[in-house]
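Novice: Structure: run-v2.csv, CSV, C-alpha atoms and all ligand atoms.
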chain,number,residue,atom,x,y,z
A,10,MET,CA,0.0,0.0,0.0
A,11,LYS,CA,1.3,3.4,-1.0
A,12,SER,CA,0.5,6.3,1.3
A,13,ILE,CA,0.8,9.6,-0.5
A,14,LEU,CA,0.8,13.0,1.3
A,15,ILE,CA,-0.2,15.9,-1.0
A,16,THR,CA,0.1,19.5,0.1
A,17,GLY,CA,-1.7,22.4,-1.7
A,18,ALA,CA,-4.6,20.2,-2.8
A,19,SER,CA,-7.0,23.2,-2.3
A,20,GLY,CA,-5.0,25.0,-5.1
A,21,PHE,CA,-4.5,24.7,-8.9
A,22,VAL,CA,-1.6,22.3,-9.1
A,23,GLY,CA,-2.3,20.2,-6.0
A,24,GLY,CA,-6.0,20.0,-7.1
A,25,ALA,CA,-4.9,18.6,-10.5
A,26,VAL,CA,-2.6,16.1,-8.8
A,27,VAL,CA,-5.5,14.8,-6.7
A,28,GLU,CA,-7.8,14.8,-9.8
A,29,TYR,CA,-5.2,12.7,-11.6
A,30,LEU,CA,-4.9,10.2,-8.8
A,31,LEU,CA,-8.6,9.9,-8.3
A,32,ARG,CA,-9.2,9.3,-12.0
A,33,GLN,CA,-6.2,6.9,-12.6
A,34,TYR,CA,-5.6,5.2,-9.3
A,35,GLN,CA,-9.0,4.8,-7.7
A,36,GLY,CA,-9.4,1.3,-6.4
A,37,LYS,CA,-5.7,0.6,-6.5
A,38,ASP,CA,-3.5,0.3,-3.4
A,39,ILE,CA,-3.2,3.9,-2.7
A,40,ASN,CA,-4.1,6.0,0.4
A,41,LEU,CA,-4.2,9.8,0.2
A,42,LEU,CA,-3.5,12.2,3.0
A,43,LEU,CA,-4.1,15.9,2.1
A,44,LEU,CA,-2.7,18.8,4.1
A,45,VAL,CA,-5.2,21.7,4.1
A,46,ARG,CA,-5.8,24.9,6.0
A,47,ALA,CA,-9.1,24.6,7.9
A,48,GLU,CA,-10.6,24.7,11.4
A,49,THR,CA,-11.6,21.1,11.4
A,50,PRO,CA,-11.1,18.0,9.1
A,51,LEU,CA,-14.7,18.3,8.0
A,52,ALA,CA,-14.2,21.9,6.9
A,53,GLY,CA,-10.9,20.9,5.3
A,54,LEU,CA,-12.7,18.1,3.3
A,55,ALA,CA,-15.3,20.6,2.2
A,56,ARG,CA,-12.5,22.9,0.9
A,57,ILE,CA,-10.8,20.1,-1.0
A,58,LYS,CA,-14.1,18.9,-2.6
A,59,ASN,CA,-15.1,22.4,-3.5
A,60,ASN,CA,-11.8,22.7,-5.4
A,61,LEU,CA,-12.0,19.3,-7.0
A,62,GLU,CA,-15.5,20.0,-8.3
A,63,LYS,CA,-13.8,22.6,-10.6
A,64,PHE,CA,-11.9,19.7,-12.1
A,65,GLY,CA,-15.1,17.9,-13.2
A,66,LEU,CA,-14.9,14.9,-10.9
A,67,THR,CA,-18.1,13.1,-10.4
A,68,ALA,CA,-19.9,12.8,-7.0
A,69,GLU,CA,-18.9,9.1,-7.0
A,70,GLN,CA,-15.2,9.9,-7.5
A,71,LEU,CA,-15.3,12.6,-4.8
A,72,SER,CA,-17.1,10.2,-2.4
A,73,SER,CA,-13.9,8.2,-2.0
A,74,LEU,CA,-12.5,11.1,0.1
A,75,SER,CA,-13.4,11.4,3.7
A,76,GLU,CA,-12.2,13.2,6.8
A,77,THR,CA,-9.7,10.4,7.3
A,78,ASN,CA,-7.9,11.7,4.2
A,79,ILE,CA,-7.5,15.2,5.7
A,80,LEU,CA,-4.5,16.5,7.7
A,81,VAL,CA,-5.5,20.0,9.0
A,82,GLY,CA,-2.4,22.2,9.1
A,83,ASP,CA,-0.8,25.5,8.1
A,84,LEU,CA,2.8,25.8,6.9
A,85,SER,CA,3.1,29.0,8.7
A,86,GLU,CA,2.6,27.1,12.0
A,87,PRO,CA,4.1,23.7,11.2
A,88,ASP,CA,4.1,22.5,14.9
A,89,GLY,CA,0.4,22.3,14.6
A,90,PHE,CA,0.5,19.3,12.2
A,91,THR,CA,4.0,17.8,12.2
A,92,GLN,CA,3.3,15.8,15.3
A,93,ASP,CA,0.4,13.9,13.6
A,94,SER,CA,1.4,10.2,13.8
A,95,ARG,CA,-0.1,9.5,10.4
A,96,LEU,CA,3.0,11.2,8.9
A,97,ASP,CA,5.0,8.2,10.0
A,98,ASN,CA,3.2,5.9,7.5
A,99,ILE,CA,3.7,8.2,4.5
A,100,THR,CA,5.6,6.5,1.6
A,101,HIS,CA,5.5,9.4,-0.9
A,102,VAL,CA,5.1,13.2,-0.8
A,103,ILE,CA,4.0,15.6,-3.5
A,104,ASN,CA,4.6,19.1,-2.0
A,105,CYS,CA,2.6,21.6,-4.0
A,106,ALA,CA,1.7,24.1,-1.2
A,107,ALA,CA,3.2,27.5,-1.4
A,108,ILE,CA,2.3,31.1,-1.6
A,109,ALA,CA,2.5,31.3,-5.4
A,110,SER,CA,1.6,35.0,-5.6
A,111,PHE,CA,3.6,37.8,-7.2
A,112,GLY,CA,2.0,40.2,-4.7
A,113,ASN,CA,3.6,41.3,-1.5
A,114,ASN,CA,2.3,38.6,0.8
A,115,PRO,CA,3.9,39.2,4.2
A,116,ALA,CA,3.8,35.5,5.0
A,117,LEU,CA,5.8,34.5,1.9
A,118,TRP,CA,9.1,33.6,3.6
A,119,ARG,CA,7.4,32.1,6.7
A,120,VAL,CA,5.4,29.7,4.5
A,121,ASN,CA,7.5,29.0,1.4
A,122,VAL,CA,10.8,28.8,3.4
A,123,ASP,CA,10.6,28.4,7.2
A,124,GLY,CA,7.4,26.3,7.4
A,125,SER,CA,8.3,24.2,4.3
A,126,LEU,CA,11.8,23.5,5.8
A,127,ALA,CA,10.2,22.4,9.1
A,128,PHE,CA,7.9,20.1,7.1
A,129,ALA,CA,10.8,18.6,5.1
A,130,LYS,CA,12.8,18.0,8.3
A,131,ARG,CA,9.8,16.2,9.8
A,132,MET,CA,9.4,14.0,6.7
A,133,ALA,CA,13.2,13.2,6.6
A,134,LYS,CA,12.6,11.3,9.9
A,135,VAL,CA,10.0,9.0,8.2
A,136,THR,CA,11.8,5.7,7.7
A,137,GLY,CA,9.5,4.3,5.0
A,138,LEU,CA,9.5,7.5,2.9
A,139,GLN,CA,10.5,6.6,-0.7
A,140,ARG,CA,10.2,9.9,-2.5
A,141,PHE,CA,9.5,13.6,-1.7
A,142,ILE,CA,8.6,15.5,-4.8
A,143,HIS,CA,9.0,19.2,-4.2
A,144,VAL,CA,7.3,21.5,-6.7
A,145,GLY,CA,9.6,24.4,-7.5
A,146,THR,CA,9.3,26.9,-10.3
A,147,ALA,CA,11.5,27.1,-13.4
A,148,MET,CA,11.7,30.9,-13.1
A,149,ALA,CA,13.7,30.4,-9.9
A,150,SER,CA,16.7,29.8,-12.1
A,151,MET,CA,16.7,33.6,-13.1
A,152,PRO,CA,17.4,32.7,-16.7
A,153,ASP,CA,19.0,35.1,-19.2
A,154,LYS,CA,16.8,36.8,-21.8
A,155,ASP,CA,16.3,34.9,-25.1
A,156,SER,CA,18.0,31.7,-23.6
A,157,VAL,CA,17.3,28.0,-23.4
A,158,PHE,CA,17.7,26.9,-19.8
A,159,TYR,CA,19.0,23.3,-19.4
A,160,GLU,CA,18.4,21.0,-16.4
A,161,ASP,CA,22.1,20.6,-15.6
A,162,MET,CA,22.7,24.4,-15.5
A,163,PRO,CA,23.2,26.0,-12.1
A,164,ASP,CA,20.8,28.8,-11.2
A,165,ASN,CA,21.9,32.1,-12.7
A,166,GLU,CA,23.1,33.9,-9.5
A,167,HIS,CA,24.2,37.0,-11.5
A,168,ASN,CA,20.6,37.9,-12.5
A,169,GLU,CA,18.1,39.3,-10.1
A,170,ASP,CA,14.8,37.9,-9.1
A,171,LEU,CA,11.8,39.8,-10.6
A,172,VAL,CA,9.7,38.9,-7.6
A,173,GLN,CA,10.4,37.7,-4.0
A,174,TYR,CA,8.3,34.6,-4.8
A,175,THR,CA,11.0,33.1,-7.1
A,176,ALA,CA,13.7,33.9,-4.5
A,177,SER,CA,11.8,32.1,-1.8
A,178,LYS,CA,11.3,29.1,-4.1
A,179,ARG,CA,15.0,28.9,-4.8
A,180,ALA,CA,16.0,29.3,-1.2
A,181,ILE,CA,13.8,26.5,0.1
A,182,GLU,CA,15.3,24.0,-2.4
A,183,ASN,CA,18.8,24.8,-1.3
A,184,LEU,CA,17.9,24.7,2.4
A,185,ILE,CA,16.2,21.3,2.1
A,186,ARG,CA,19.3,19.9,0.3
A,187,GLU,CA,21.5,21.3,3.0
A,188,HIS,CA,19.5,20.4,6.1
A,189,CYS,CA,17.8,17.1,5.0
A,190,PRO,CA,20.6,15.1,3.3
A,191,THR,CA,18.7,11.8,3.8
A,192,LEU,CA,15.4,13.0,2.4
A,193,PRO,CA,14.6,11.2,-0.9
A,194,PHE,CA,14.3,14.7,-2.4
A,195,VAL,CA,13.4,15.4,-6.0
A,196,VAL,CA,12.8,18.9,-7.3
A,197,ALA,CA,10.3,19.3,-10.2
A,198,ARG,CA,10.2,22.8,-11.6
A,199,PRO,CA,7.2,23.6,-13.8
A,200,SER,CA,7.5,26.4,-16.4
A,201,ILE,CA,4.3,28.5,-16.7
A,202,ILE,CA,1.1,26.6,-16.0
A,203,VAL,CA,-2.0,27.9,-17.8
A,204,GLY,CA,-5.4,26.1,-18.0
A,205,HIS,CA,-6.3,22.5,-18.4
A,206,THR,CA,-6.5,20.7,-21.8
A,207,GLN,CA,-10.1,19.5,-21.2
A,208,LEU,CA,-11.5,22.1,-18.8
A,209,GLY,CA,-9.8,25.3,-20.0
A,210,CYS,CA,-9.6,27.8,-17.1
A,211,ARG,CA,-12.5,26.3,-15.1
A,212,PRO,CA,-10.0,25.1,-12.4
A,213,SER,CA,-8.2,28.5,-12.4
A,214,SER,CA,-7.8,31.5,-14.6
A,215,SER,CA,-4.2,32.0,-13.3
A,216,ILE,CA,-2.0,33.8,-15.9
A,217,PHE,CA,-4.5,33.4,-18.8
A,218,TRP,CA,-5.9,36.8,-18.0
A,219,VAL,CA,-2.4,38.4,-18.7
A,220,PHE,CA,-2.7,37.3,-22.4
A,221,LEU,CA,-6.3,38.5,-22.6
A,222,MET,CA,-5.3,41.8,-21.0
A,223,ALA,CA,-2.5,42.4,-23.5
A,224,LEU,CA,-4.8,41.6,-26.4
A,225,LYS,CA,-7.5,44.0,-25.2
A,226,LEU,CA,-5.0,46.8,-24.6
A,227,LYS,CA,-3.4,45.9,-28.0
A,228,LYS,CA,0.0,46.7,-26.5
A,229,PHE,CA,2.4,45.1,-24.0
A,230,THR,CA,6.1,45.1,-23.2
A,231,CYS,CA,7.1,42.0,-25.2
A,232,GLN,CA,7.2,41.4,-29.0
A,233,LEU,CA,4.6,39.3,-30.7
A,234,ASN,CA,7.5,37.1,-31.9
A,235,ASP,CA,8.6,36.3,-28.4
A,236,SER,CA,7.5,32.9,-27.1
A,237,ILE,CA,6.4,31.5,-23.8
A,238,ASP,CA,6.9,28.1,-22.3
A,239,VAL,CA,3.4,27.1,-21.2
A,240,ILE,CA,2.1,23.8,-20.0
A,241,PRO,CA,-1.4,22.7,-19.0
A,242,VAL,CA,-2.1,21.8,-15.4
A,243,ASP,CA,-3.3,18.3,-16.2
A,244,TYR,CA,0.1,17.5,-17.9
A,245,CYS,CA,2.0,19.0,-14.9
A,246,ALA,CA,-0.1,16.7,-12.5
A,247,MET,CA,0.5,13.6,-14.6
A,248,VAL,CA,4.2,14.2,-14.6
A,249,LEU,CA,4.4,14.9,-10.8
A,250,VAL,CA,2.5,11.7,-10.0
A,251,ASN,CA,4.8,9.7,-12.4
A,252,LEU,CA,7.9,11.2,-10.9
A,253,CYS,CA,6.6,10.4,-7.5
A,254,LEU,CA,5.5,6.8,-8.1
A,255,SER,CA,8.2,5.6,-10.6
A,256,ALA,CA,10.2,2.8,-8.9
A,257,THR,CA,13.4,4.5,-9.9
A,258,ILE,CA,14.3,7.8,-11.4
A,259,LYS,CA,17.6,9.0,-12.6
A,260,HIS,CA,17.8,12.6,-11.5
A,261,SER,CA,17.0,14.7,-8.5
A,262,PHE,CA,16.0,17.7,-10.6
A,263,TYR,CA,13.5,18.0,-13.5
A,264,HIS,CA,11.9,20.7,-15.6
A,265,ILE,CA,8.2,20.2,-16.3
A,266,SER,CA,8.0,22.3,-19.5
A,267,CYS,CA,7.2,22.3,-23.1
A,268,GLY,CA,10.8,22.6,-24.2
A,269,GLU,CA,12.1,24.6,-27.2
A,270,GLU,CA,9.9,22.9,-29.8
A,271,ARG,CA,6.6,23.6,-28.2
A,272,CYS,CA,6.9,27.1,-26.9
A,273,THR,CA,4.0,29.3,-28.0
A,274,PRO,CA,4.7,32.6,-29.8
A,275,PHE,CA,2.5,35.5,-28.7
A,276,TYR,CA,1.2,36.0,-32.2
A,277,ALA,CA,-0.2,32.4,-32.1
A,278,ILE,CA,-1.9,33.2,-28.8
A,279,ASP,CA,-3.4,36.3,-30.5
A,280,GLU,CA,-4.5,34.2,-33.5
A,281,PHE,CA,-6.1,31.4,-31.5
A,282,VAL,CA,-7.9,33.7,-29.0
A,283,ALA,CA,-9.3,35.6,-32.0
A,284,LYS,CA,-10.4,32.3,-33.6
A,285,ALA,CA,-12.2,31.2,-30.4
A,286,ASN,CA,-13.9,34.6,-30.2
A,287,ASN,CA,-14.8,34.7,-33.9
A,288,THR,CA,-13.0,38.1,-34.2
A,289,SER,CA,-9.9,39.3,-36.0
A,290,ALA,CA,-6.4,39.0,-34.7
A,291,ILE,CA,-4.8,42.2,-33.5
A,292,ILE,CA,-1.4,41.5,-35.1
A,293,ASN,CA,-1.4,44.6,-37.3
A,294,ASP,CA,-2.5,46.9,-34.5
A,295,TYR,CA,-0.2,45.5,-31.8
A,296,GLN,CA,2.4,47.8,-30.4
A,297,GLN,CA,5.4,46.8,-28.2
A,298,VAL,CA,5.8,49.6,-25.7
A,299,SER,CA,7.9,50.3,-22.6
A,300,TYR,CA,6.5,50.1,-19.1
A,301,GLU,CA,6.7,53.9,-18.9
A,302,GLU,CA,4.5,54.2,-22.0
A,303,MET,CA,2.1,51.8,-20.5
A,304,SER,CA,2.1,54.0,-17.3
A,305,GLY,CA,1.4,57.1,-19.4
A,306,SER,CA,-1.7,55.6,-20.9
A,307,ARG,CA,-3.1,54.2,-17.6
A,308,LYS,CA,-6.1,56.4,-17.6
A,309,GLN,CA,-7.4,54.5,-20.6
A,310,PHE,CA,-7.4,51.1,-18.8
A,311,LYS,CA,-10.9,51.6,-17.4
A,312,ASP,CA,-12.3,52.3,-20.8
A,313,ILE,CA,-10.7,49.2,-22.3
A,314,LEU,CA,-10.8,46.7,-19.5
A,315,GLY,CA,-13.9,47.9,-17.5
A,316,PRO,CA,-13.9,49.1,-13.9
A,317,CYS,CA,-10.4,48.5,-12.5
A,318,ASN,CA,-7.7,50.0,-10.3
A,319,ASP,CA,-5.1,51.3,-12.8
A,320,LYS,CA,-2.3,51.0,-10.2
A,321,ILE,CA,-3.0,47.3,-9.8
A,322,ILE,CA,-3.1,46.8,-13.6
A,323,LEU,CA,0.1,48.7,-14.0
A,324,ARG,CA,1.8,46.6,-11.3
A,325,ALA,CA,0.6,43.4,-13.0
A,326,ILE,CA,2.0,44.7,-16.3
A,327,LYS,CA,5.4,45.3,-14.7
A,328,LEU,CA,5.5,41.9,-13.0
A,329,TYR,CA,4.2,39.7,-15.7
A,330,GLY,CA,5.7,41.8,-18.5
A,331,GLY,CA,9.1,41.2,-16.9
A,332,PHE,CA,8.6,37.4,-17.3
A,333,ALA,CA,7.0,37.6,-20.8
A,334,GLU,CA,10.0,39.7,-22.1
A,335,LEU,CA,12.5,37.0,-21.0
A,336,ASN,CA,11.5,34.9,-24.0
A,337,VAL,CA,13.1,31.9,-22.2
A,338,LYS,CA,12.6,28.2,-22.9
A,339,PHE,CA,13.1,25.4,-20.4
A,340,ASP,CA,14.6,22.2,-21.8
A,341,ASN,CA,12.7,19.0,-20.9
A,342,GLN,CA,15.0,16.3,-22.1
A,343,ARG,CA,15.0,14.4,-18.7
A,344,LEU,CA,11.3,13.8,-18.9
A,345,LEU,CA,11.5,12.8,-22.6
A,346,ASP,CA,14.3,10.4,-21.7
A,347,MET,CA,12.0,8.8,-19.2
A,348,GLY,CA,9.5,8.2,-22.0
A,349,MET,CA,7.1,10.9,-20.9
A,350,PRO,CA,5.0,12.5,-23.7
A,351,ARG,CA,5.4,16.1,-24.6
A,352,PRO,CA,2.7,18.4,-23.3
A,353,MET,CA,-0.1,19.4,-25.7
A,354,PRO,CA,0.7,22.8,-27.3
A,355,PHE,CA,-1.1,25.7,-25.7
A,356,THR,CA,-2.8,26.5,-29.0
A,357,THR,CA,-4.7,23.2,-29.0
A,358,TYR,CA,-6.7,24.2,-25.9
A,359,ILE,CA,-6.7,28.0,-26.0
A,360,ASP,CA,-10.3,27.8,-27.2
A,361,LYS,CA,-11.3,26.1,-24.0
A,362,CYS,CA,-9.6,28.7,-21.9
A,363,VAL,CA,-11.4,31.5,-23.9
A,364,ASN,CA,-14.8,29.7,-23.5
A,365,THR,CA,-14.4,29.2,-19.7
A,366,THR,CA,-13.4,32.9,-19.1
A,367,ARG,CA,-16.0,34.5,-21.4
A,368,GLY,CA,-18.1,37.2,-19.6
A,369,LEU,CA,-15.6,37.7,-16.8
A,370,SER,CA,-13.6,40.9,-16.6
A,371,ILE,CA,-9.8,41.1,-16.4
A,372,PRO,CA,-10.0,42.4,-12.7
A,373,GLU,CA,-12.2,39.4,-11.8
A,374,LEU,CA,-9.9,36.9,-13.6
A,375,MET,CA,-6.6,38.3,-12.1
A,376,MET,CA,-7.7,38.1,-8.5
A,377,VAL,CA,-6.5,34.5,-8.3
A,378,ASP,CA,-2.9,35.6,-8.8
A,379,PHE,CA,-2.9,38.4,-6.2
A,380,LYS,CA,-3.7,36.6,-3.0
B,1,LIG,N1,0.8,28.1,-11.4
B,1,LIG,C1,2.0,28.2,-12.0
B,1,LIG,O1,2.1,28.8,-13.1
B,1,LIG,C2,3.2,27.6,-11.4
B,1,LIG,C3,4.4,27.6,-12.2
B,1,LIG,C4,5.5,27.0,-11.6
B,1,LIG,C5,5.5,26.5,-10.3
B,1,LIG,N2,4.3,26.6,-9.6
B,1,LIG,C6,4.3,26.0,-8.2
B,1,LIG,O2,3.3,25.1,-8.1
B,1,LIG,C7,2.9,25.1,-6.7
B,1,LIG,C8,1.4,25.3,-6.6
B,1,LIG,O3,1.0,26.5,-7.2
B,1,LIG,P1,-0.5,26.8,-7.6
B,1,LIG,O4,-0.4,27.5,-8.9
B,1,LIG,O5,-1.3,25.6,-7.5
B,1,LIG,O6,-0.9,27.9,-6.5
B,1,LIG,P2,-2.3,28.0,-5.8
B,1,LIG,O7,-3.4,27.7,-6.7
B,1,LIG,O8,-2.3,29.4,-5.1
B,1,LIG,O9,-2.2,26.9,-4.6
B,1,LIG,C9,-1.4,27.0,-3.5
B,1,LIG,C10,-1.7,26.0,-2.5
B,1,LIG,O10,-0.8,26.1,-1.4
B,1,LIG,C11,-1.6,26.2,-0.2
B,1,LIG,N3,-1.0,27.0,0.8
B,1,LIG,C12,-0.7,28.3,0.7
B,1,LIG,N4,-0.2,28.8,1.9
B,1,LIG,C13,-0.3,27.7,2.8
B,1,LIG,C14,0.0,27.5,4.2
B,1,LIG,N5,0.4,28.5,4.9
B,1,LIG,N6,-0.2,26.3,4.7
B,1,LIG,C15,-0.6,25.2,3.9
B,1,LIG,N7,-0.9,25.4,2.6
B,1,LIG,C16,-0.8,26.6,2.0
B,1,LIG,C17,-2.9,26.8,-0.7
B,1,LIG,O11,-3.9,26.6,0.3
B,1,LIG,P3,-5.1,27.6,0.6
B,1,LIG,O12,-6.1,27.2,-0.4
B,1,LIG,O13,-5.4,27.4,2.0
B,1,LIG,O14,-4.6,29.0,0.3
B,1,LIG,C18,-3.1,26.1,-2.0
B,1,LIG,O15,-3.7,24.8,-1.8
B,1,LIG,C19,3.6,26.2,-6.0
B,1,LIG,O16,4.7,25.6,-5.3
B,1,LIG,C20,4.2,27.1,-7.1
B,1,LIG,O17,5.4,27.7,-6.8
B,1,LIG,C21,3.2,27.1,-10.1
Output the file's structure in the form of structure tokens.
Ligand SMILES: NC(=O)c1ccc[n+]([C@@H]2O[C@H](COP(=O)([O-])OP(=O)(O)OC[C@H]3O[C@@H](n4cnc5c(N)ncnc54)[C@H](OP(=O)(O)O)[C@@H]3O)[C@@H](O)[C@H]2O)c1
Specialist:
Amino acid sequence: MKSILITGASGFVGGAVVEYLLRQYQGKDINLLLLVRAETPLAGLARIKNNLEKFGLTAEQLSSLSETNILVGDLSEPDGFTQDSRLDNITHVINCAAIASFGNNPALWRVNVDGSLAFAKRMAKVTGLQRFIHVGTAMASMPDKDSVFYEDMPDNEHNEDLVQYTASKRAIENLIREHCPTLPFVVARPSIIVGHTQLGCRPSSSIFWVFLMALKLKKFTCQLNDSIDVIPVDYCAMVLVNLCLSATIKHSFYHISCGEERCTPFYAIDEFVAKANNTSAIINDYQQVSYEEMSGSRKQFKDILGPCNDKIILRAIKLYGGFAELNVKFDNQRLLDMGMPRPMPFTTYIDKCVNTTRGLSIPELMMVDFK
């Protein structure tokens, strides 16, 4: 019997991981324990099920989860859950929980670094633990502009983090390696996760709104020829589960990305969004502008995007524009060598993302990324 502890199951990636396990492994010898913030196990179960409903699971599939699958706990106060004796029976961990926001969340380092390290130290004492998959982020490598980042390259210490979030994600990986040498620790760094190949943005509108915003404004800080390394959340989940449950794996570090071949140019995003909306692409009207020019036209944001706080929109343009301008690709050879399929190109499911966000304003869609 495998006993898998999943953190972050009330979120986008962790929810997709549980979705994958419930669809593919139900009835097999697998027990799930889900760490969730809540007052009681019952309330935690309700939060998890509420999230999983967005992944289209049936009532029957959801009924296999009960309060016994819930570990109530908060990474900002790890002492509250690390004494739970059920942790001693865990054989596998998929650690998805983190504050994944580009905003200035004051708990960022307490959760992503201090609490996560305490959790890893606790799991390092579990004698039957076979694998601890830690979900990092590819952007933590601080890649150079217009580069391909390979899995055997060290993080680019000469560049600066665009946001504290990536700094916290890099710090925790290094601290766990340093303080938990016996932990069967494997880092999986996804590139940029947008939508779900079957459900579009129903599970989460995270990041998709940035593309819609740039297209509505008809201007942004990157060129339309620049590309972005996007993967769907269901692909990310499938890879995480396989890395976790494979009897042996060769490396302790993997990118989960689309690789050079499948990166999506922004002009293709324009084309496929237009197709899904039955409108014309904006390719001939698009302008690449500086952040300062964006700032100069901020009074027009309300007219184009609907009621919004122009300061928040500008901040989003600065943060997400910084990543979009990088035009970086993350090599995924290690997964391909394992026989993993490549992810579906973003353009094959953009229509689903458009259809599941129709009628929602940019300020409504972006809220998920500014927690
Ligand atoms: N989305 C992307 O494009 C992307 C790309 C690369 C890497 N990643 C990584 O993927 C992982 C998951 O991100 P996501 O997109 O799924 O983010 P998300 O939707 O915001 O989910 C984050 C999860 O972490 C949990 N969490 C936050 N603070 C916690 C705390 N103090 N104690 C316990 N749990 C806590 C959240 O629980 P609550 O529901 O209680 O807040 C939620 O379940 C993160 O490690 C992120 O760095 C994401």
Novice: Could you tell me which of A:Leu31, A:Met347, A:Ala223, A:Asn251 comes closest to Asp294 in chain A if we count all atoms listed in the file?
Specialist: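 Looking at the shortest contact to Asp294 in chain A, the residue is A:Ala223.
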Novice: Please report, as lines of an AutoDock Vina configuration file, the centre and edge lengths in Å to one decimal of an axis-aligned box covering all listed atoms of ligand LIG 1 (chain B) with 6 Å per side.
Specialist:
center_x = -0.3
center_y = 27.1
center_z = -4.1
size_x = 23.6
size_y = 16.6
size_z = 30.0
Novice: Find the residue from A:Tyr295, A:Tyr29, A:Phe158, A:Tyr174 that sits nearest to ligand LIG 1 (chain B); use only C-alpha atoms and all ligand atoms when measuring.
Specialist: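 For ligand LIG 1 (chain B), the nearest of the candidates is A:Tyr174.
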Novice: Using only C-alpha atoms, list the residues that have an atom at most 7 Å from (-0.9, 22.9, -15.8), coordinates as in the file, as a list of chain:residue names.
Specialist: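 The residues that fall inside the cut-off are A:Val22, A:Ile202, A:Val203, A:Gly204, A:His205, A:Ile240, A:Pro241, A:Val242, A:Asp243, A:Tyr244, A:Cys245.
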Novice: Considering all atoms listed in the file, return as a ChimeraX atom specification whatever protein or nucleic-acid residues lie within 6 Å of range 148-152 of chain A, sequence-local ones (same chain, fewer than 4 positions apart) excluded.
Specialist: /A:164-165,168,175,179
Novice: Next, dump the selected residues to file, keeping only C-alpha atoms, as a compact mmCIF listing (two decimals), keeping the file's coordinate frame.
Specialist:
# COMPACT_ATOMS: atom_id res chain seq x y z
CA ASP A 164 20.80 28.80 -11.20
CA ASN A 165 21.90 32.10 -12.70
CA ASN A 168 20.60 37.90 -12.50
CA THR A 175 11.00 33.10 -7.10
CA ARG A 179 15.00 28.90 -4.80
Novice: So, counting all atoms listed in the file, which residue among A:Asn183, A:Ser213, A:Ser94, A:Gln139 is closest to ligand LIG 1 (chain B)?
Specialist: A:Ser213
Novice: Neighbouring residues of ligand LIG 1 (chain B) are defined here as those with any atom at most 7 Å from a ligand atom, counting only C-alpha atoms and all ligand atoms; list them as a VMD selection string.
Specialist: chain A and resid 16 to 23 44 to 46 82 to 85 105 to 110 120 144 to 147 178 198 to 203 215
Novice: Would you mind reading off the distance between CA of Ile103 in chain A and CA of Cys253 in chain A, one decimal, in Å?
Specialist: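 The value is 7.1 Å.
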